Structures are given as structure tokens and as C-alpha cells.
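Visitor: What follows is a single structure, and I will ask about it in a moment.
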Amino acid sequence: MTGESTKGRWLTVALLTPTSAWFLVMLVMPLVVVAIFSFGERSAVGGYTASFTFDQYANLPSRFTAFRNTLTYAPFGTLVSLLVAYPLAYFLAVKVSPKWRLLLLVLVIVPFWTSLLIRTYAWIFILGGRGIPTLLDYIGFEGVRLINTPFAVVVGIIYGYLPLMVFPIFVSLERLDKRLLEASNDLGGTPFRTFLQVTLPLSMPGVATGCMLVFILLMGEFLIPAFLGGGKVFFIGNALVDLFLQSRNWPFGSAVAVTLVIIMLITVSLYMRLTMGRAADRNESIM
Amino acid sequence: MSKSYKDNLPITATKLMEELERYRKGSVSRRHFLGVTGLGTAMAVLSSAVPGLAPRKSYAYGDLGDRLVFSTWPNYHNPVNVEEFTEATGVNVQINAFGSNEEMLAKLQAGATGWDVFVPTNYTISNYVELGLIQELDLSKMPNYDAGAQNPLFAGPATVNGKVYAVPKNWGTTGFVLNSNEIKSGPKSWKDFFEVTMAEGSGHTIVHDYQLTTIGAALCALGYSFNSIDEKELAEAEKVLIDAKPHLFAITSDYQPGMRSGDAWMSICWNGDGLQLNTDLPEMQYVIATDGGEIWSDFYAIPTEAPHLEAAYAFVNFLLDPYVQVREFASHGYASGDSRVSAMLPADTANNKILFPAVELMNGLEFGAAQTLTDPGRAELIARFKSA
């Protein structure tokens, strides 16, 4: 029996070692380096000089606009993606006949076969002067500017992140026990009430996962604002790219990155506490 | 000896113009496209980078290995030349495209790039030498380099402390392009450029996402040097830029799509892009500002830690061959300071005002200065302007 458990322990160690090593080398160590850099100084020609100073953190207010933009566009983009994705996921999981479901699901995945970069670049031409604005011109709306506006950025976000939102919701809706809907119907529930009190609560795990995925990725987004915002809608991700690749101010870039990580940890843990708290409440009320 | 790249040479003037035409029709410059996508991960593998194709043996150049990493700018080479180099030597060229000198410097400073050859601009070379990032060149390994044929104006920055660290590639100017169907007032200077931006061209002007040219333009508009790092002058330039920002169409160095779609009417512009736009759309006019601007010269250099040194020399030597340079010109449209190349170009090329501006305009232009690249004040200014 002792032999069994020792063997089991070794197996556990053997299975966890690659993951732990990966985690340590690829995530923890870089984060430590970034944290150390954030207390340093920019050397005369750019890069990093060892030092211990809080100057970089004191300089954070100079990137206030970027932080504000990221902290408004990320939640807003997540919300809009959710509103667009939910009906689509619902349709795919509940309404569509199984015969078509696979094909339609593949259509949702197909864009992933091409780089987001290329697809976002394509939107420059769709939203640019010879794209949709020309069509609007024909039907009487003249001089509409779409490209390089906050609107274009939000369109890009919805387009880019939609599948990430659709799939988790789809999965949780697909597992929904249809008999519960019938039961609700039998007990006199209107379709709307059934949706609100049965379908929606049961799909919440998918919604929570989808929102988390999209929100976390949006916090680091830089491609969409650079391409579709024309460099005029500036996210914290853009500030980071600039600091590391253009001004080569690694210490300040590190301080911005550390701050972003802290903000994310706080937001995500609050969010998890909130959603998990909800789930716990519901379990209690069922009992 | 196997097939040499000289088999189908010399190029005729007709063939050159055909190639140029083909290039112009198909090409949209993406100078900053790959840069802005960030992190230098965007790889433009133009050709020959398929390692599965076993290289043939017995090359004129001897055994150079089978691979070479080359970092350059987007749309800056003729794929035919690169293919021929691979055929002649068996060396597959992996091409990385970058959007700014700052980004190249950032990569080299971080180390372990694996680059064998790259293309820095004049004002960065002394910085690279100081940081020990590039090596002195052994010119005897590049017989195609003819020092006597070089225009010293463009070759000069390659020599630091009497040692040659780079060989010249192409040169050009930075001015602005305007759509004359939309902008009627005919701006001639950077001062006009910013005035038009705030009035007639409001909502339709592009400035580069590049500190050198964008801050430089604002400084020239104020009558200061393109290269100024004076705090007071930079503060004034910042005000010009911040005031103009609400009137801008975009802050991007990938300005051709905006100009072509008609959304943008005016943009800071490199003359090669100016030539491409003007060729396709005659209303696109390239202007060298009367109050200054940039003249620049690009080079080939070899990083200190280049892993494939012999292949690097062979590649640069190949690209310096005048015939190869003519075909490069046919592809990108930038002039060479090598008199052997100029002699081979069709006669009307020499009269092209976008390629070879009038002397009095040229005299007002400045080369970028070494401290302009590294000055923290300018780096921070552009960052504040963008995040404002």
C-alpha cells in the first residue's frame, strides 16, 4: 500500500514537472525581470540601467489617457461582444437543426485560419473611404467617416473577439437540458420568463468564461486601435509597444506593464468573487 | 560553374521600365505595416526561405552554408535578386521587415537576434559602433564595392573613426505628398503643411508614427533644425503637434492606403512612396518643403554577432553589383549614390524631380543626427503626442 502511494506520488511529480518548469521559466521569471526593470532607469541610449528608484511609477500619470481608454474600451467591448454573441450562440445551440449546426460552427471558426493581423487590415479597406462610406453615399448619407474613429475600433473588437465569446456560451447552452424548458412551459412560464429564469441562469458559466477571455485579452490589445483607430485611439498596449520598441524606455515600460498586471489581477479576482458568489447563492436557494 | 546571376544581363532600358511598371501596378508600400504590428515578429519571407528544398552544390562562391538572416525595410528589395542569390550560392535568405530604426536598435540591444545583414539609416551608424553592435567591414571580401564610384555625401556616415562599418544602399528625401484635387492652396513648406492641416485639410492629414520625421517636420515649420534636441524648441514643436492632433486623419507611417482611398489628402512622405503614388495617381504631388526636411541614406551593415559571416559578405557583395542594383531600383524606386548605377538608368530617370530634386531644395535638407535617434526628450515627446 505504501508502495502504491509512493508510486502515485512519483507519477504526480512526473506529470507536473513539465508544466511547472514551463510556468516558472516562461511566466514567473519574465514577470520577475519586468518587476526588477520597473525600478531601474533608462540608459542614455535606451534600454535599462540598474538602479533603485520609484521615478518610473511616479511618471505613470503621463499615460493616464491610455489607461483610461483601455479601462473603458475593454469592459465596453466585452459587453458589446456579449450582446452580439449571445443571440448567435443561442441560435447555434438551441434553434438550428443539428444537420446545419456543424457547418455553421465551422463558419464561426474559419476566420481563425487567417491571422487577426490580416483580417484587421482588411477592415481598413472596408471602413475606408472607398468601402462602406461609398455605399452610404449612394443611399444619401454623405461624408460619413468610419475609419480611424472609436466606432471603427469597437467594430474591430467585436469582429476579432466574437468567436471567443460565442464558443463558451454555445457550449453551456448546448448542454442545457431541454426538458427544463418544457417544464417551465408546462408550469405556465412565458417564453420570455423561461429564458430569463431558466436558460440565462444556466448559461451563466459560459457567459462568465467568455467575458473573462475577451476582457483579459482586450486589456492588452494594441493591434486594433493602431490599425482601425489610426493611432488616434491609444490603448495601454500601444503605449507598451512604443516604450519598448520606439523610445526604448524599458524601465518605464516595465512599470506600465506591472501596473497593468496589478489592475488585471484586482479586476479579475473581484469578478471571480462576484460570479462565484452568485453561483454559491443559487446553489443554496436550490437546496 | 552553375547558372550565374549574370546570365540574363545586362538589363535593357525597356525591360527595366517594364519591371518598374509591373512593380508600380502591384505594389502598395507598407513601410510601417509590419512595424506597427509590433515586436518585430512579422516576417516577410519574400522568397527562397523554404528549407525543404535541398540546395544544389558547386557554387561560384564556395560553401557559404545554407542560410542567412536579413533584416530590412518592407518593399525594399527585388525578390528576383534574392532568388538569384539563393540559386547561385545555395544560401536561403530569411527576410525580416522592420518599420523603424528604433525598432532595429531595440532588437540588437536586446541581443541574440541571429541577424547576418541589416539595413540601418545614416544617423544610426555611429550609435551602433559606439555600442559595439556592428563590425568593421573587410572590403576585400566585397569586390563589387567601388569606393570611388560612391557619392561621398551618402557614403560618408559609414566611416567612423577612420574605419568603414557599412556600405551605402539607397538614398532619398522626406517631404510631403498632397492630393492636388483636394488641397488647392499649394502648400510649399512645413509651415504651410500644418496651417493647411488646421484649415483646408482638417480631418484629412497624416503624420508619421515616427519621432524623427514627425517632430522634425514640426521643428522645421517653426524655423528650427530638423534634428533639434533643444528643450525649448521641442516644447514649441510639441505644441504644434498637439494643436494639430484633433485635425489629423491618422498618426501612421502606413499612409499609402489612406491617400489612395481618398480619405487622406496630405501626408508626410518618403520620396519612394511619393513616386509610387504619383505614378498611379497623377494628382498626388510630392513636395520637398522649402523650410527643410530630411535627406537620408541607407546602408548594409553586419552585426558583431552575425552567425553566417561569409554568407553575409557574399550577399552584400551580390547586392552591390551594379546590374543587381538597377534591378533593385526597378523594384523600389529609390536612387543609388553609386555612379555606376546612375549611368545605367534610362535617361528620363535622371530628370525625375521626385528622385532627384532641384539643388536649392536639396540644400535645405538635413541628414538625421546621431543624437536624434537616442535623445530621450524626443522619444518622450512623440509618446506624449500619441497618448494625448
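Labels used: A, B, ... for chains in the order of the C-alpha cells, numbers from 1 for residues in each chain, and numbers from 1 for ligands as shown.
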What are the closest atom pairs, with distances in Å to one decimal, for all residues of chain B lying within 6 Å of chain A? Consider only C-alpha atoms, order rows by chain and residue number, and present the result as a tab-separated table.
Guide:
residue	atom	partner	partner_atom	distance
B:Glu102	CA	A:Gln246	CA	5.1
B:Glu103	CA	A:Leu245	CA	4.9
B:Ala106	CA	A:Leu245	CA	5.8
B:Ala250	CA	A:Gly230	CA	4.5
B:Ile251	CA	A:Gly231	CA	5.0
B:Ser261	CA	A:Gly129	CA	5.5
B:Asp263	CA	A:Gly129	CA	5.3
B:Thr374	CA	A:Val45	CA	5.1
B:Ala379	CA	A:Ser247	CA	4.8
B:Ser387	CA	A:Phe234	CA	5.8
Visitor: Would you kindly return, as a compact mmCIF listing (two decimals) with N, CA and C atoms, in the first residue's frame, each protein, DNA or RNA residue with an atom no farther than 7 Å from any atom of range 210-214 of chain B, considering only C-alpha atoms and excluding same-chain residues fewer than 4 positions away?
Guide:
# COMPACT_ATOMS: atom_id res chain seq x y z
N ALA B 218 7.60 69.37 -37.53
CA ALA B 218 7.10 70.45 -36.68
C ALA B 218 8.22 71.44 -36.37
N ARG B 378 13.02 63.58 -27.23
CA ARG B 378 12.22 63.36 -28.44
C ARG B 378 11.38 62.09 -28.31
N ALA B 379 11.98 61.05 -27.73
CA ALA B 379 11.24 59.80 -27.55
C ALA B 379 10.00 60.03 -26.69
N ILE B 382 7.16 62.24 -28.59
CA ILE B 382 6.27 61.54 -29.54
C ILE B 382 5.29 60.66 -28.77
Visitor: Please list as a list in words every residue within 8 Å of Asn101 in chain B, counting only C-alpha atoms and excluding residues in the same chain fewer than 4 positions away.
Guide: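 The filter keeps Leu105, Pro120, Thr121 and Thr124 of chain B.
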Visitor: Counting only C-alpha atoms, what is within 10 Å of range 203-218 of chain A, bar same-chain residues fewer than 6 positions away, as a count of residues only?
Guide: 46
Visitor: Please tabulate, as CSV, the residues of range 136-202 of chain B that come within 12 Å of range 329-344 of chain B, each with its closest pair of atoms and the distance in Å to one decimal, counting only C-alpha atoms and ordering rows by chain, then residue number upward.
Guide:
residue,atom,partner,partner_atom,distance
B:Asn144,CA,B:Arg340,CA,10.8
B:Tyr145,CA,B:Asp338,CA,9.3
B:Asp146,CA,B:Asp338,CA,8.2
B:Ala147,CA,B:Asp338,CA,8.8
B:Gly148,CA,B:Asp338,CA,8.9
B:Ala149,CA,B:Ser339,CA,5.2
B:Gln150,CA,B:Asp338,CA,4.7
B:Asn151,CA,B:Gly337,CA,5.2
B:Pro152,CA,B:Gly337,CA,8.3
B:Leu153,CA,B:Gly337,CA,8.4
B:Phe154,CA,B:Gly337,CA,6.4
B:Ala155,CA,B:Gly337,CA,7.7
B:Gly156,CA,B:Gly337,CA,11.1
B:Val167,CA,B:Asp338,CA,10.6
B:Pro168,CA,B:Gly337,CA,7.4
B:Lys169,CA,B:Ser336,CA,6.5
B:Asn170,CA,B:Ser336,CA,4.5
B:Trp171,CA,B:Ala335,CA,5.8
B:Gly172,CA,B:Tyr334,CA,6.5
B:Thr173,CA,B:Tyr334,CA,9.6
Visitor: Please return as an MDAnalysis selection string: the residues of range 93-297 of chain B that backbone DSSP assigns to alpha helix (DSSP H).
Guide: chainID B and resid 101:110 125:130 152:155 190:198 211:221 231:244 256:261 271:280
Visitor: Just the number, please: distance in Å from CA of Asp243 in chain B to CA of Met198 in chain B, one decimal.
Guide: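 A separation of 8.4 Å between them.
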Visitor: Can you measure CA of Gln256 in chain B to CA of Gly143 in chain A for me? One decimal in Å is fine.
Guide: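 Pair CA of Gln256 in chain B / CA of Gly143 in chain A returns 20.6 Å.
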